[in-house]
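Chemist: Before anything else, here's the structure in question.
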Amino acid sequence: MSTPHNPLDGLGDLADRKISRKGLLKAAALAGAAPVLIGSGVALARDAVAADVPAPLTPQCSDGHVTGEQIEGPYFKPGSPLRTNLVTPGTQGTPLTVSGYVFGRNCVPISGALLDFWQADTNGNYDNSGYTFRGHQFSAANGAYSLTTIIPGLYPGRTRHIHVKVQAPNQPILTTQLYFPNEPRNATDTIYDPALLMTVRQVGNGSEASFDFVLNVNGTGSPSPSPSSSNPGSPSPSPSNTGGGSTTWTVGASYKAGDVVTYNGVSYVCIQGHIAYAGWEPPNVPALWQRR
Ligand SMILES: [Fe+2]
């Protein structure tokens, strides 16, 4: 039986068909998995937690709603570890889980989407020398993701937030930030966007947050090659390649799993389809490129 805190459980039967968030909530409630899934709708956060603001209508994929972009900020660092748990022994702070789904514009869940999270520690500091509170993961076959972390601390000039980059296979990267309801600084932070509020509930000595990403792409609903599998697909040149063998890694090129490139004289094989951006050079992004 599913555990109440993990969106990866109990929804496999929903993975390959079109799902609205309202539909998910209804199905979850019927399945008795209400504790976490009741928090899957963004609007519920505002309805249930932020009672001091008017409750907007529930945004749904079918409304044409997509998750908005936000600035990257100065503290993104490529090369984060592949992990869903950012908490390590001795970590200070209030436990927090963030979970939800990645959808396409057409409401179909996106599997294999890259989610790269980074945030401040409980004192409001980013780790710019190491990878504390930095990690990337890939959405499951039903589009679900789950992050175990702590509530980030405040730092001057900003309200409380978590940074994330989300990228469907072979699609551009969405860079955005997630926010917490009932934060006094939400009212004064000029970057803050209420559409990016998470649902946050107190559970024991920690918090559970949820947020569904809706990317401005068409979801496929079918699993894509997983970087954890040993089957990266058949090498074949991408449209930007000149054909055969490896080519030099190029910003703006579209790569798919199995493509081979060279960067600074080293060969890498693509393990996740994507469009190459500056800052995502092969040695910096183990989620996307594996050294041969
Ligand atoms: Fe930040």
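Identifiers in this document derive from the order of the structure tokens: chains are assigned A, B, ..., residues are numbered from 1 separately in each chain, and ligands are numbered from 1 in order of occurrence.
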Show me which residues line ligand 1, defined as having an atom within 7 Å of a ligand atom where only C-alpha atoms and all ligand atoms count, and present them as a ChimeraX atom specification.
Modeler: /A:73,75,119-120,161-163
Chemist: So that I have them on file, write out the residues from the current selection with C-alpha atoms, as a compact mmCIF listing (two decimals), in the first residue's frame.
Modeler:
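So out_16.txt came out as:
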# COMPACT_ATOMS: atom_id res chain seq x y z
CA GLY A 73 19.97 34.21 -9.36
CA TYR A 75 24.05 30.88 -6.87
CA GLN A 119 18.59 26.32 -2.03
CA ALA A 120 20.03 28.08 0.99
CA HIS A 161 12.31 30.22 -1.79
CA ILE A 162 13.75 27.15 -3.49
CA HIS A 163 15.42 27.36 -6.90
Chemist: Skip A:Leu115 itself and residues of its chain fewer than 5 positions away, then list as a PDB file with C-alpha atoms, in the first residue's frame all residues within 9 Å of it, counting only C-alpha atoms.
Modeler:
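Listing of selection_18.pdb after writing:
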ATOM      1  CA  GLY A 135      20.798  17.918  -6.215  1.00  0.00           C
ATOM      2  CA  HIS A 136      19.171  16.777  -9.388  1.00  0.00           C
ATOM      3  CA  GLN A 137      16.739  13.974 -10.135  1.00  0.00           C
ATOM      4  CA  PHE A 138      14.482  12.744 -12.931  1.00  0.00           C
ATOM      5  CA  SER A 139      10.716  12.469 -12.825  1.00  0.00           C
ATOM      6  CA  TYR A 145       9.203  13.783  -8.282  1.00  0.00           C
ATOM      7  CA  VAL A 164      14.834  24.742  -9.560  1.00  0.00           C
ATOM      8  CA  LYS A 165      15.544  24.039 -13.201  1.00  0.00           C
ATOM      9  CA  VAL A 166      13.126  21.672 -14.919  1.00  0.00           C
ATOM     10  CA  GLN A 167      13.757  20.244 -18.341  1.00  0.00           C
ATOM     11  CA  ALA A 168      11.718  17.742 -20.310  1.00  0.00           C
TER      12      ALA A 168
END
Chemist: From the list A:Gln70, A:Thr91, A:Thr175, A:Thr190, which residue is nearest A:Thr132 when using only C-alpha atoms?
Modeler: A:Thr91
Chemist: Between A:Gly100, A:Arg158, A:Lys77, A:Val87, which one has atoms that come closest to A:Asp127, using only C-alpha atoms?
Modeler: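 Nearest to A:Asp127: A:Lys77.
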Chemist: Could you find all residues in stretch 67-203 of chain A that DSSP calls strand (DSSP E or B) from the backbone, and write them as a VMD selection string?
Modeler: chain A and resid 82 85 95 to 104 109 114 to 118 134 to 138 144 to 150 161 to 167 173 to 179 197 199 to 203
Chemist: Skip A:Cys270 itself and residues of its chain fewer than 3 positions away, then list as a short mmCIF file (atom, residue, chain, number, x, y, z; two decimals) with N, CA and C atoms, in the first residue's frame all residues within 6 Å of it, counting only C-alpha atoms.
Modeler:
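Wrote it out as part_23.cif, contents follow:
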data_model
loop_
_atom_site.label_atom_id
_atom_site.label_comp_id
_atom_site.auth_asym_id
_atom_site.auth_seq_id
_atom_site.Cartn_x
_atom_site.Cartn_y
_atom_site.Cartn_z
N ALA A 257 19.76 11.02 -26.32
CA ALA A 257 20.49 9.94 -25.66
C ALA A 257 21.25 9.11 -26.68
N GLY A 258 22.52 8.89 -26.40
CA GLY A 258 23.36 8.10 -27.29
C GLY A 258 24.28 8.95 -28.14
N ASP A 259 23.98 10.22 -28.31
CA ASP A 259 24.87 11.09 -29.09
C ASP A 259 26.24 11.17 -28.41
N LEU A 288 23.50 14.72 -17.68
CA LEU A 288 23.26 14.76 -19.13
C LEU A 288 24.35 14.06 -19.95
N TRP A 289 25.57 14.08 -19.43
CA TRP A 289 26.69 13.53 -20.20
C TRP A 289 27.52 12.59 -19.34
#
Chemist: Taking only C-alpha atoms into account, which of A:Gly265, A:Pro194, A:Gly204, A:Pro89 comes nearest A:Gly68?
Modeler: A:Pro194
Chemist: A:Val214: which residues within 7 Å, counting only C-alpha atoms, same-chain residues fewer than 6 positions away excluded, as a PyMOL selection string?
Modeler: chain A and resi 61+66-67+102-105
Chemist: Do a neighbour search on A:Pro152 at 9 Å with only C-alpha atoms, toss out local chain neighbours closer than 2 positions, and write the hits as a VMD selection string.
Modeler: chain A and resid 93 to 94 119 to 125 149 to 150 154 160 to 162
